[in-house]
file structure.cif (mmCIF, C-alpha atoms)
data_model
loop_
_atom_site.label_atom_id
_atom_site.label_comp_id
_atom_site.auth_asym_id
_atom_site.auth_seq_id
_atom_site.Cartn_x
_atom_site.Cartn_y
_atom_site.Cartn_z
CA MET A 1 19.16 -20.27 7.76
CA ALA A 2 17.75 -19.87 4.27
CA VAL A 3 14.80 -17.53 3.90
CA ASP A 4 12.00 -18.48 1.53
CA PRO A 5 12.08 -16.22 -1.56
CA THR A 6 8.31 -15.90 -1.41
CA ILE A 7 8.87 -13.99 1.83
CA LEU A 8 12.02 -12.14 0.70
CA HIS A 9 10.44 -10.94 -2.52
CA GLY A 10 6.95 -10.49 -1.05
CA GLN A 11 8.21 -8.13 1.65
CA LYS A 12 9.86 -5.87 -0.92
CA ASN A 13 7.36 -6.05 -3.78
CA ALA A 14 3.60 -6.09 -4.09
CA GLY A 15 1.80 -8.17 -6.70
CA HIS A 16 1.48 -11.67 -8.13
CA PHE A 17 4.66 -13.66 -8.75
CA THR A 18 5.02 -17.13 -10.20
CA TRP A 19 7.53 -19.46 -8.63
CA GLY A 20 9.24 -19.61 -12.03
CA LYS A 21 9.93 -15.88 -11.76
CA LEU A 22 11.12 -16.26 -8.16
CA SER A 23 13.44 -19.10 -9.25
CA GLU A 24 14.94 -16.75 -11.85
CA LEU A 25 15.41 -14.02 -9.23
CA TYR A 26 16.79 -16.38 -6.55
CA PRO A 27 18.45 -19.22 -8.55
CA ASP A 28 20.66 -20.48 -5.72
CA ASN A 29 18.14 -20.24 -2.89
CA PRO A 30 18.00 -23.58 -1.05
CA VAL A 31 14.30 -23.19 -0.30
CA MET A 32 13.41 -22.88 -3.99
CA LEU A 33 15.78 -25.70 -4.89
CA GLY A 34 14.31 -27.89 -2.14
CA ALA A 35 10.75 -27.16 -3.25
CA ALA A 36 11.60 -28.19 -6.81
CA GLU A 37 13.28 -31.37 -5.59
CA ALA A 38 10.15 -32.17 -3.54
CA GLY A 39 8.02 -31.92 -6.68
CA MET A 40 6.73 -28.38 -6.16
CA LYS A 41 7.83 -26.93 -9.47
CA GLU A 42 4.98 -24.48 -10.13
CA GLY A 43 3.36 -22.07 -7.75
CA ASN A 44 2.12 -18.59 -7.06
CA THR A 45 2.85 -15.91 -4.52
CA LEU A 46 0.68 -12.87 -3.96
CA SER A 47 1.95 -10.00 -1.81
CA LEU A 48 -0.29 -7.11 -0.77
CA ARG A 49 0.19 -4.14 1.52
CA MET A 50 -2.73 -2.52 3.25
CA ASN A 51 -3.60 -1.11 6.65
CA GLY A 52 0.01 -1.38 7.81
CA VAL A 53 0.27 -5.10 7.03
CA CYS A 54 2.23 -7.00 4.41
CA ALA A 55 0.13 -10.08 3.62
CA ILE A 56 1.76 -12.87 1.62
CA PHE A 57 -0.28 -15.74 0.16
CA SER A 58 1.68 -18.54 -1.49
CA GLY A 59 1.05 -22.07 -2.68
CA ASP A 60 2.11 -24.64 -5.22
CA GLY A 61 0.07 -25.60 -8.26
CA PRO A 62 -0.73 -24.27 -11.73
CA ILE A 63 -0.18 -20.61 -12.55
CA TRP A 64 -3.22 -18.55 -11.57
CA ASN A 65 -5.32 -16.78 -14.18
CA ASN A 66 -6.57 -13.22 -13.61
CA THR A 67 -9.76 -14.37 -11.88
CA GLN A 68 -7.79 -16.55 -9.46
CA VAL A 69 -5.37 -13.69 -8.72
CA GLN A 70 -8.35 -11.41 -7.98
CA GLN A 71 -9.91 -14.04 -5.68
CA ALA A 72 -6.62 -14.52 -3.82
CA ALA A 73 -6.23 -10.74 -3.54
CA ALA A 74 -9.73 -10.44 -2.09
CA ALA A 75 -9.04 -13.16 0.48
CA THR A 76 -5.63 -11.73 1.37
CA SER A 77 -7.03 -8.20 1.59
CA GLY A 78 -9.70 -9.43 3.97
CA LEU A 79 -7.06 -10.93 6.25
CA ALA A 80 -4.95 -7.77 6.13
CA PHE A 81 -8.03 -5.73 7.00
CA MET A 82 -8.94 -8.03 9.90
CA PHE A 83 -5.47 -8.04 11.43
CA GLY A 84 -4.03 -4.72 10.29
CA GLU A 85 -4.19 -1.23 11.65
CA GLN A 86 -7.65 0.17 11.05
CA PRO A 87 -7.74 3.59 9.43
CA MET A 88 -9.38 6.21 11.57
CA PRO A 89 -12.44 8.09 10.30
CA CYS A 90 -11.70 11.39 8.59
CA ILE A 91 -11.51 14.19 11.14
CA LEU A 92 -10.95 16.96 8.60
CA ALA A 93 -13.88 19.05 7.39
CA ASN A 94 -14.46 19.58 3.67
CA PRO A 95 -12.56 22.92 3.49
CA GLU A 96 -9.41 21.34 4.96
CA MET A 97 -9.76 18.24 2.77
CA ASP A 98 -10.14 20.44 -0.33
CA VAL A 99 -6.76 21.98 0.49
CA VAL A 100 -5.18 18.58 1.21
CA ARG A 101 -6.46 17.10 -2.08
CA LEU A 102 -4.95 19.95 -4.07
CA MET A 103 -1.70 19.68 -2.09
CA ALA A 104 -1.59 15.99 -3.02
CA ASP A 105 -1.91 17.03 -6.67
CA GLY A 106 1.17 19.23 -6.23
CA ALA A 107 -0.57 22.60 -6.17
CA LYS A 108 1.05 25.46 -4.25
CA ASP A 109 -0.81 27.86 -1.95
CA ARG A 110 -1.47 30.50 -4.62
CA GLU A 111 -2.88 27.95 -7.09
CA ILE A 112 -5.01 26.32 -4.37
CA ALA A 113 -6.42 29.74 -3.41
CA GLU A 114 -7.25 30.54 -7.03
CA ARG A 115 -8.88 27.16 -7.64
CA LEU A 116 -10.97 27.36 -4.47
CA GLY A 117 -11.76 31.05 -4.91
CA VAL A 118 -10.44 32.11 -1.50
CA LYS A 119 -7.56 34.20 -0.17
CA ILE A 120 -4.12 32.67 0.22
CA GLU A 121 -4.31 33.36 3.98
CA THR A 122 -7.43 31.17 4.13
CA ILE A 123 -5.50 28.32 2.53
CA ARG A 124 -2.71 28.68 5.08
CA LYS A 125 -5.22 28.70 7.97
CA ARG A 126 -6.93 25.59 6.63
CA ARG A 127 -3.59 23.81 6.26
CA GLU A 128 -2.60 24.81 9.82
CA LYS A 129 -5.93 23.50 11.10
CA ALA A 130 -5.28 20.21 9.27
CA TYR A 131 -1.82 20.03 10.91
CA ASP A 132 -3.34 20.64 14.34
CA LEU A 133 -6.11 18.06 13.92
CA THR A 134 -3.76 15.36 12.61
CA GLY A 135 -0.78 16.13 14.83
CA THR A 136 1.45 16.68 11.80
CA ARG A 137 3.83 19.57 11.14
CA SER A 138 4.77 19.46 7.46
CA PRO A 139 3.09 18.96 4.09
CA ALA A 140 4.80 15.58 3.68
CA SER A 141 3.72 14.29 7.09
CA LEU A 142 0.17 15.59 6.57
CA LEU A 143 -0.16 13.89 3.19
CA SER A 144 1.36 10.68 4.56
CA PHE A 145 -1.13 10.69 7.45
CA VAL A 146 -4.07 11.30 5.12
CA ILE A 147 -2.99 8.54 2.71
CA ARG A 148 -2.33 5.99 5.49
CA ASN A 149 -5.82 6.60 6.82
CA CYS A 150 -7.41 6.24 3.35
CA TRP A 151 -8.90 9.74 3.34
CA LEU A 152 -7.83 10.45 -0.25
#
call {"tool": "encode", "arguments": {"input": "structure.cif", "output": "structure tokens"}}
result
Amino acid sequence: MAVDPTILHGQKNAGHFTWGKLSELYPDNPVMLGAAEAGMKEGNTLSLRMNGVCAIFSGDGPIWNNTQVQQAAAATSGLAFMFGEQPMPCILANPEMDVVRLMADGAKDREIAERLGVKIETIRKRREKAYDLTGTRSPASLLSFVIRNCWL
């Protein structure tokens, strides 16, 4: 069974794609060939990822201008928000979030302590508290959790 390139490409890539570009990327795909034979030669696909959902919006017609892409993105984002995983409210206090923000910028414990004007042990305690509150156990998992929940 042939898979529609709007889905193939949309699952791997985010953004606006014209059907012309998809035809170049998938020249032998029977779905694209069939669409062209049926008179659907131009079209647009918009793929967005948010709240754990990949939302793909696709249709034939003239190539969208920037305003139309923004309108489609707003509509698609609304659907992803309605049906996706909802981020949880931030459960970290400001001191823990200060540490997490600097970690996300690539700062190490010593630099974080200097920038916040506290002892390095304080930074480690705040990071441990952030791990405990989020159920994470490593810097990577903590940052991933914070980003997925839109806290940064």
call {"tool": "resolve_selection", "arguments": {"input": "structure.cif", "expression": "the PyMOL selection byres ((chain A and resi 21) around 12)", "output": "list of chain:residue names"}}
result
A:Pro5, A:Thr6, A:His9, A:His16, A:Phe17, A:Thr18, A:Trp19, A:Gly20, A:Leu22, A:Ser23, A:Glu24, A:Leu25, A:Tyr26, A:Pro27, A:Met32, A:Lys41, A:Glu42, A:Gly43, A:Asn44, A:Thr45, A:Ile63
call {"tool": "write_last_selection", "arguments": {"input": "structure.cif", "atoms": "C-alpha atoms", "output": "compact mmCIF listing (two decimals), keeping the file's coordinate frame"}}
result
# COMPACT_ATOMS: atom_id res chain seq x y z
CA PRO A 5 12.08 -16.22 -1.56
CA THR A 6 8.31 -15.90 -1.41
CA HIS A 9 10.44 -10.94 -2.52
CA HIS A 16 1.48 -11.67 -8.13
CA PHE A 17 4.66 -13.66 -8.75
CA THR A 18 5.02 -17.13 -10.20
CA TRP A 19 7.53 -19.46 -8.63
CA GLY A 20 9.24 -19.61 -12.03
CA LEU A 22 11.12 -16.26 -8.16
CA SER A 23 13.44 -19.10 -9.25
CA GLU A 24 14.94 -16.75 -11.85
CA LEU A 25 15.41 -14.02 -9.23
CA TYR A 26 16.79 -16.38 -6.55
CA PRO A 27 18.45 -19.22 -8.55
CA MET A 32 13.41 -22.88 -3.99
CA LYS A 41 7.83 -26.93 -9.47
CA GLU A 42 4.98 -24.48 -10.13
CA GLY A 43 3.36 -22.07 -7.75
CA ASN A 44 2.12 -18.59 -7.06
CA THR A 45 2.85 -15.91 -4.52
CA ILE A 63 -0.18 -20.61 -12.55
call {"tool": "resolve_selection", "arguments": {"input": "structure.cif", "expression": "the PyMOL selection byres ((chain A and resi 87-94) around 9)", "output": "mmCIF file with C-alpha atoms, in the frame of the given file"}}
result
data_model
loop_
_atom_site.group_PDB
_atom_site.id
_atom_site.type_symbol
_atom_site.label_atom_id
_atom_site.label_comp_id
_atom_site.auth_asym_id
_atom_site.auth_seq_id
_atom_site.Cartn_x
_atom_site.Cartn_y
_atom_site.Cartn_z
ATOM 1 C CA ASN A 51 -3.600 -1.110 6.650
ATOM 2 C CA GLU A 85 -4.190 -1.230 11.650
ATOM 3 C CA GLN A 86 -7.650 0.170 11.050
ATOM 4 C CA PRO A 95 -12.560 22.920 3.490
ATOM 5 C CA GLU A 96 -9.410 21.340 4.960
ATOM 6 C CA MET A 97 -9.760 18.240 2.770
ATOM 7 C CA ASP A 98 -10.140 20.440 -0.330
ATOM 8 C CA VAL A 99 -6.760 21.980 0.490
ATOM 9 C CA LYS A 129 -5.930 23.500 11.100
ATOM 10 C CA ALA A 130 -5.280 20.210 9.270
ATOM 11 C CA LEU A 133 -6.110 18.060 13.920
ATOM 12 C CA THR A 134 -3.760 15.360 12.610
ATOM 13 C CA VAL A 146 -4.070 11.300 5.120
ATOM 14 C CA ARG A 148 -2.330 5.990 5.490
ATOM 15 C CA ASN A 149 -5.820 6.600 6.820
ATOM 16 C CA CYS A 150 -7.410 6.240 3.350
ATOM 17 C CA TRP A 151 -8.900 9.740 3.340
#
call {"tool": "closest_residue", "arguments": {"input": "structure.cif", "among": "A:Ser141, A:Thr122, A:Asn29, A:Ser77", "to": "Phe57 (chain A)", "atoms": "only C-alpha atoms"}}
result
A:Ser77
call {"tool": "residues_near_point", "arguments": {"input": "structure.cif", "point": "(4.8, -4.9, -0.2)", "cutoff": "8 Å", "atoms": "only C-alpha atoms", "output": "list in words"}}
result
Gly10, Gln11, Lys12, Asn13, Ala14, Gly15, Ser47, Leu48, Arg49, Cys54 and Ala55 of chain A
call {"tool": "atom_distance", "arguments": {"input": "structure.cif", "atom1": "CA of Arg124 (chain A)", "atom2": "CA of Asp105 (chain A)"}}
result
16.6 Å
call {"tool": "closest_residue", "arguments": {"input": "structure.cif", "among": "A:Val31, A:Ala104, A:Ile147, A:Leu46", "to": "Thr76 (chain A)", "atoms": "all atoms listed in the file"}}
result
A:Leu46
call {"tool": "atom_distance", "arguments": {"input": "structure.cif", "atom1": "CA of Leu143 (chain A)", "atom2": "CA of Met103 (chain A)"}}
result
8.0 Å
call {"tool": "closest_residue", "arguments": {"input": "structure.cif", "among": "A:Val69, A:Ala74, A:Val100, A:Met50", "to": "Tyr131 (chain A)", "atoms": "all atoms listed in the file"}}
result
A:Val100
call {"tool": "atom_distance", "arguments": {"input": "structure.cif", "atom1": "CA of Ala72 (chain A)", "atom2": "CA of Ile7 (chain A)"}}
result
16.5 Å
call {"tool": "closest_atom_pairs", "arguments": {"input": "structure.cif", "of": "region 54-112 of chain A", "to": "region 33-39 of chain A", "cutoff": "12 Å", "atoms": "only C-alpha atoms", "output": "CSV"}}
result
residue,atom,partner,partner_atom,distance
A:Gly59,CA,A:Ala35,CA,11.0
A:Asp60,CA,A:Ala35,CA,9.2
A:Gly61,CA,A:Gly39,CA,10.3
call {"tool": "closest_residue", "arguments": {"input": "structure.cif", "among": "A:Arg127, A:Leu79, A:Gln70, A:Ala140", "to": "Ala113 (chain A)", "atoms": "all atoms listed in the file"}}
result
A:Arg127
call {"tool": "closest_residue", "arguments": {"input": "structure.cif", "among": "A:Arg110, A:Asn66, A:Gly78, A:Leu102", "to": "Leu152 (chain A)", "atoms": "all atoms listed in the file"}}
result
A:Leu102
call {"tool": "decode", "arguments": {"input": "structure.cif", "residues": "region 102-132 of chain A", "atoms": "C-alpha atoms", "output": "mmCIF file, in the first residue's frame"}}
result
data_model
loop_
_atom_site.group_PDB
_atom_site.id
_atom_site.type_symbol
_atom_site.label_atom_id
_atom_site.label_comp_id
_atom_site.auth_asym_id
_atom_site.auth_seq_id
_atom_site.Cartn_x
_atom_site.Cartn_y
_atom_site.Cartn_z
ATOM 1 C CA LEU A 102 21.208 28.125 33.132
ATOM 2 C CA MET A 103 21.637 24.362 32.659
ATOM 3 C CA ALA A 104 19.686 24.690 29.405
ATOM 4 C CA ASP A 105 22.165 27.374 28.335
ATOM 5 C CA GLY A 106 24.992 24.884 28.906
ATOM 6 C CA ALA A 107 26.353 26.344 32.135
ATOM 7 C CA LYS A 108 28.097 24.023 34.599
ATOM 8 C CA ASP A 109 27.547 24.048 38.371
ATOM 9 C CA ARG A 110 30.414 26.439 39.142
ATOM 10 C CA GLU A 111 29.282 28.981 36.531
ATOM 11 C CA ILE A 112 25.655 28.710 37.677
ATOM 12 C CA ALA A 113 26.738 29.328 41.287
ATOM 13 C CA GLU A 114 28.779 32.373 40.264
ATOM 14 C CA ARG A 115 25.979 33.819 38.135
ATOM 15 C CA LEU A 116 23.373 33.324 40.857
ATOM 16 C CA GLY A 117 25.698 34.410 43.659
ATOM 17 C CA VAL A 118 25.279 31.244 45.718
ATOM 18 C CA LYS A 119 27.459 28.313 46.780
ATOM 19 C CA ILE A 120 27.965 25.381 44.437
ATOM 20 C CA GLU A 121 26.346 23.105 47.049
ATOM 21 C CA THR A 122 23.194 25.233 46.815
ATOM 22 C CA ILE A 123 23.091 24.673 43.059
ATOM 23 C CA ARG A 124 23.408 20.919 43.548
ATOM 24 C CA LYS A 125 20.609 20.920 46.158
ATOM 25 C CA ARG A 126 18.340 22.914 43.854
ATOM 26 C CA ARG A 127 19.038 20.539 40.968
ATOM 27 C CA GLU A 128 18.328 17.514 43.205
ATOM 28 C CA LYS A 129 15.062 19.119 44.314
ATOM 29 C CA ALA A 130 14.144 19.648 40.640
ATOM 30 C CA TYR A 131 14.918 15.957 39.963
ATOM 31 C CA ASP A 132 12.729 14.886 42.888
#
